[in-house]
Every structure is written in C-alpha cells, then in structure tokens.
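Since the structure comes first, as structure tokens, the remarks are kept for the end.
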Amino acid sequence: MTLPEQTLPSAVAPATLLSPKADLFAARAMRLRHLAHEHSLGPWLNWLADLCAAQQKALDALPVPGRRPVATIDPVQPLLAPEYPALQNAWPGIYDQLKAAATDFAAGNRAAPHPVLPEYTTEALELKASGCRQLAAGETVLAERDIADFLVAAALQVAWTAAARQLALPELTSLPNQDACPCCGSLPLGSIVMAGDGKSGLRYLECSLCATRWNAVRARCTLCADGSVVNYLSLAGGNEAVQAETCDHCHGYIKTFFQGKDMQVDPLADDLASLALDVLVGEQGYARGTPNLFLSDGEVV
C-alpha cells in the first residue's frame, strides 16, 4: 500500500500514484478565492469556489467503506471500471445536493450563467454526464455547455474522487500507460511539479475527473511522448508557477504548475485563473490538449 502523500519520508522511493486528499475540494475553494482577488474573472472564480465548497460537503457526507486493495494496474481496464454501475447511481444524488447549494449562492452572484437554475429531465442530465465523461476522456463535445453541465461535472468529480480515495493503490516503479489516469481512464487536466516531502522536482499528472495523480517523466511531451522539442511559455508579469509546456512535434500544449514557485498552486483552479495564457499560447500556434470540466469550450485537441 502506498504511504500517504503527506507522510512520505524523503528516504522512501516516491510514490508512482497519489490518491486525492480528503480536503481536496476545500483546498481548491480556498485557492479559487485567493485567485479571484482583483482578477478580471473574480466573480466567476468566486462562484466556482462556492461550488467547490459544496463539493467538499458532499464528499464529507458520503459513507467511507473499507479500502479496496489493488494488486496490479491494467493498461486497458481502469481500476474503477468495476465500480462504474455504483458511480452511475451515486452522482445524481450528489448533483441534487450541489444544485440546492448553487441555488442558494448563485442568486447573489452575477457571474453565474443563470440566476435561476433550469430544470432538466433525467435523460437530459444523463446526456450531460455522458458529455462530461467524453470531455474528460479527450473527446470533442459539440453541444453548448451551461451551468447544469458544470454542476453535473462537479457531481461526477465528487463521486469518482470518493471512489479513487477508496483504492489501496499498489506500489509501482512505473506505469504501463502514462497517457490516461490509471484509476478512471480520464486525461489529465495538467501536470504539477512537486516540491518537498521527498518528491521535489518530480512531475505528476492530475486526473481531470477523479484527481488521482500519477508520476510522469519530465522533458517529454505528455501528449505525444516526444522528448526533444518541449518548451515552456508563460505570461510576462503573470504567476511564474503556471507555465504552458508546448511541443513543436504535435503542436499541442499542457499546463504545468510548479509548487517550488507557489506551494498553494492547484492545477484545476490555477488553470481557470490563467486563461490569458491559453490565448497567448494559441496565438503561437499550439492547441490545448487537456480537458478542464469547468471550461465552457467542449473541445480538446
């Protein structure tokens, strides 16, 4: 069983897999509120912070069964595949909780896409959930996304994160497939270069759905595995902890977040707060290659 991230001593080989932390969404909410201060998208980031706080309450309210041991990683079958029916049954109830919370805080926030949340049929919500999972898997979602899509995505994240936290992840020296999350099969939303705690300088990819982190080799393109043409771009005067790792081979990019420059950096929150970097990198001819379930654009290259 992998040692908990926060207690891993420097003398122990770093974990290949890191489970999501118990306070993931609370920490993310705090980070979003910090980033919202004097930000042009401040009201929207604060709304998302409220949503993340509601996610934490929903996560804390879920039952905590015993951890399920996992012996090996299957490169084809994600670890949570057997849990899919239970997860399908779990997320609608979480959606209802998040919707009720959003109704309370959205009315006073002009950044919310709709002051009054629309009503959707069960079938319509299922389609939105399917679209979110497709987006997390790197597929293009052509339908226009609205506030209900964000609430569905938030509910899916809670359900899948809770399930990922129940796995007793195996100790590994390498992964058979670094491209997708070994727990749920989703693409990463970004990478984070760690600092301290025996993992300084190591890069982990963070899952866009269940927030599991898995170790990935640095100085290689995450999107095409080419290792000779990786460069980093950042915004002049922006947060130095957030950079776009670009590849001249596939002309894609993934954002990389450096804890050594900001220990509080959060891949999801800091991604949303650095959309100006996406514009800059896009103008340089690179296409975003990773999903964020809270972006309005449903396309991932």
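Going through the structure tokens in order, the chains are called A, B, and so on, while each chain numbers its residues from 1 and the ligands are numbered from 1 in the order shown.
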
Spatial neighbours of A:Pro85, 12 Å, only C-alpha atoms, chain gap at least 6 places, as a list in words:
Trp91, Ala159, Trp160 and Ala163 of chain A

Selection: 8 Å around A:Asp50, only C-alpha atoms, excl. self and same-chain fewer than 4 positions, as a PyMOL selection string:
chain A and resi 29+46+54+102+105

Closest atom pairs, residues of stretch 33-78 of chain A within 12 Å of stretch 291-297 of chain A, only C-alpha atoms, as a tab-separated table:
residue	atom	partner	partner_atom	distance
A:Trp44	CA	A:Phe294	CA	10.8
A:Leu45	CA	A:Phe294	CA	10.6
A:Trp47	CA	A:Phe294	CA	11.5
A:Leu48	CA	A:Phe294	CA	8.7
A:Ala49	CA	A:Phe294	CA	11.8
A:Leu51	CA	A:Phe294	CA	10.9
A:Cys52	CA	A:Phe294	CA	11.3

Restricting the output to all heavy atoms, write the selected residues as a short mmCIF file (atom, residue, chain, number, x, y, z; two decimals), in the first residue's frame.
data_model
loop_
_atom_site.label_atom_id
_atom_site.label_comp_id
_atom_site.auth_asym_id
_atom_site.auth_seq_id
_atom_site.Cartn_x
_atom_site.Cartn_y
_atom_site.Cartn_z
N TRP A 44 -16.68 35.02 -11.28
CA TRP A 44 -16.83 33.63 -11.74
C TRP A 44 -15.98 32.68 -10.90
O TRP A 44 -16.43 31.60 -10.51
CB TRP A 44 -16.43 33.55 -13.21
CG TRP A 44 -16.35 32.17 -13.78
CD1 TRP A 44 -15.27 31.55 -14.32
CD2 TRP A 44 -17.41 31.22 -13.90
NE1 TRP A 44 -15.58 30.29 -14.75
CE2 TRP A 44 -16.90 30.05 -14.51
CE3 TRP A 44 -18.77 31.25 -13.54
CZ2 TRP A 44 -17.66 28.93 -14.76
CZ3 TRP A 44 -19.55 30.13 -13.80
CH2 TRP A 44 -19.00 28.99 -14.40
N LEU A 45 -14.75 33.08 -10.58
CA LEU A 45 -13.89 32.25 -9.76
C LEU A 45 -14.46 32.08 -8.35
O LEU A 45 -14.37 31.01 -7.76
CB LEU A 45 -12.48 32.83 -9.70
CG LEU A 45 -11.71 32.89 -11.04
CD1 LEU A 45 -10.37 33.58 -10.85
CD2 LEU A 45 -11.52 31.50 -11.62
N TRP A 47 -17.66 32.14 -7.66
CA TRP A 47 -18.79 31.22 -7.79
C TRP A 47 -18.29 29.78 -7.81
O TRP A 47 -18.86 28.90 -7.15
CB TRP A 47 -19.56 31.53 -9.07
CG TRP A 47 -20.82 30.71 -9.22
CD1 TRP A 47 -22.05 31.02 -8.73
CD2 TRP A 47 -20.95 29.45 -9.89
NE1 TRP A 47 -22.95 30.01 -9.05
CE2 TRP A 47 -22.30 29.04 -9.76
CE3 TRP A 47 -20.06 28.63 -10.59
CZ2 TRP A 47 -22.76 27.85 -10.31
CZ3 TRP A 47 -20.53 27.44 -11.12
CH2 TRP A 47 -21.88 27.06 -10.98
N LEU A 48 -17.22 29.54 -8.53
CA LEU A 48 -16.65 28.21 -8.56
C LEU A 48 -16.11 27.80 -7.19
O LEU A 48 -16.18 26.63 -6.81
CB LEU A 48 -15.53 28.14 -9.60
CG LEU A 48 -15.98 28.14 -11.06
CD1 LEU A 48 -14.77 28.27 -11.99
CD2 LEU A 48 -16.77 26.89 -11.41
N ALA A 49 -15.58 28.77 -6.44
CA ALA A 49 -15.11 28.48 -5.09
C ALA A 49 -16.28 28.01 -4.22
O ALA A 49 -16.15 27.04 -3.44
CB ALA A 49 -14.46 29.71 -4.47
N LEU A 51 -18.91 26.54 -5.32
CA LEU A 51 -19.27 25.21 -5.81
C LEU A 51 -18.30 24.16 -5.25
O LEU A 51 -18.72 23.07 -4.85
CB LEU A 51 -19.24 25.19 -7.34
CG LEU A 51 -19.60 23.86 -8.01
CD1 LEU A 51 -20.98 23.38 -7.59
CD2 LEU A 51 -19.53 24.00 -9.53
N CYS A 52 -17.01 24.48 -5.20
CA CYS A 52 -16.04 23.54 -4.64
C CYS A 52 -16.29 23.30 -3.16
O CYS A 52 -16.12 22.17 -2.67
CB CYS A 52 -14.62 24.06 -4.86
SG CYS A 52 -14.06 23.97 -6.58
#

Could you list, as a PyMOL selection string, every residue within 12 Å of A:Leu32, counting only C-alpha atoms and ignoring same-chain residues fewer than 5 positions away?
chain A and resi 25-27+37-39+41-53+264-274

Who sits within 12 Å of A:Ala219, only C-alpha atoms, same chain under 4 positions skipped, as a list in words:
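Final neighbour list, sorted by chain and number: Val193, Gly201, Leu202, Arg203, Leu223, Cys224, Ala225, Asp226, Gly227, Ser228, Val229, Val230, Asn231, Tyr232, Glu245, Thr246, Cys247 and Thr256 of chain A.
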
Same residues, C-alpha atoms, output as a compact mmCIF listing (two decimals), in the first residue's frame:
# COMPACT_ATOMS: atom_id res chain seq x y z
CA VAL A 193 6.00 19.62 -10.41
CA GLY A 201 11.25 18.05 -8.81
CA LEU A 202 9.02 15.09 -9.64
CA ARG A 203 6.20 15.67 -12.08
CA LEU A 223 0.58 14.44 -25.49
CA CYS A 224 2.83 12.64 -27.98
CA ALA A 225 5.76 11.40 -25.82
CA ASP A 226 8.35 13.26 -27.92
CA GLY A 227 11.22 14.36 -25.71
CA SER A 228 13.31 16.64 -27.89
CA VAL A 229 11.16 19.68 -28.57
CA VAL A 230 9.43 20.57 -25.29
CA ASN A 231 9.45 24.27 -24.36
CA TYR A 232 7.74 26.39 -21.70
CA GLU A 245 4.52 23.08 -21.83
CA THR A 246 4.49 23.23 -25.62
CA CYS A 247 5.58 20.66 -28.17
CA THR A 256 2.43 22.68 -15.83

Selected residue of minimal separation from A:His251 among A:Val152, A:Met263, A:Leu169, A:Cys221, counting only C-alpha atoms
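Distance minimum relative to A:His251 lands on A:Cys221.
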
Which one of A:Leu233, A:Ala36, A:Cys250, A:Cys210 sits closest to A:Arg165 if you count only C-alpha atoms?
A:Cys210

For A:Cys183, which residue among A:Gln55, A:Thr72, A:Thr290, A:Ser200 is the nearest when counting only C-alpha atoms?
A:Thr72

Can you tell me how far atom CA of A:Asp23 sits from atom CA of A:Asp60, in Å to one decimal?
8.9 Å

Residue neighbourhood A:Asp74, 10 Å, only C-alpha atoms, exclusion window fewer than 5 positions, as a list in words
Leu79, Leu175, Pro176, Asn177, Pro182 and Cys183 of chain A

Using DSSP on the backbone coordinates, identify all residues within stretch 36-260 of chain A classified as strand (DSSP E or B); present the result as a ChimeraX atom specification.
/A:68-69,167-168,188-193,203-207,213-215,230-233,242-247,252-258

Which residues, written as a PyMOL selection string, have at least one atom at most 12 Å from A:Asp146, with only C-alpha atoms counted and residues fewer than 3 positions away on the same chain left out?
chain A and resi 112-114+117-118+120+125+128+131-132+143+149-153+293-298

Please run DSSP on the backbone and report, as a PyMOL selection string, all residues within stretch 27-168 of chain A that come out as alpha helix (DSSP H).
chain A and resi 27-36+42-61+84-106+122-136+147-165

Could you check the closest approach to A:Ser174 for each of A:Leu142, A:Leu80, A:Val217, A:Val279 and tell me which residue wins, using only C-alpha atoms?
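Result for the nearest residue to A:Ser174: A:Val217.
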
Point-to-point distance from atom CA of A:Ala15 to atom CA of A:Tyr204, Å rounded to tenths
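Interatomic distance here is 10.1 Å.
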
Let me make sure I understand: among A:Pro78, A:Gly260, A:Gly138, A:Gly237, which one has the smallest atom-to-atom distance to A:Ser208 if we use only C-alpha atoms?
A:Gly138

Separation of atom CA of A:Cys184 and atom CA of A:Ala101, in Å?
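Computing the Euclidean distance for atom CA of A:Cys184 and atom CA of A:Ala101 yields 26.9 Å.
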
Between A:Ala162, A:Ile254, A:Ala276, A:Leu59, single out the one closest to A:Arg220, counting only C-alpha atoms.
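The shortest atom-to-atom distance to A:Arg220 comes from A:Ile254.
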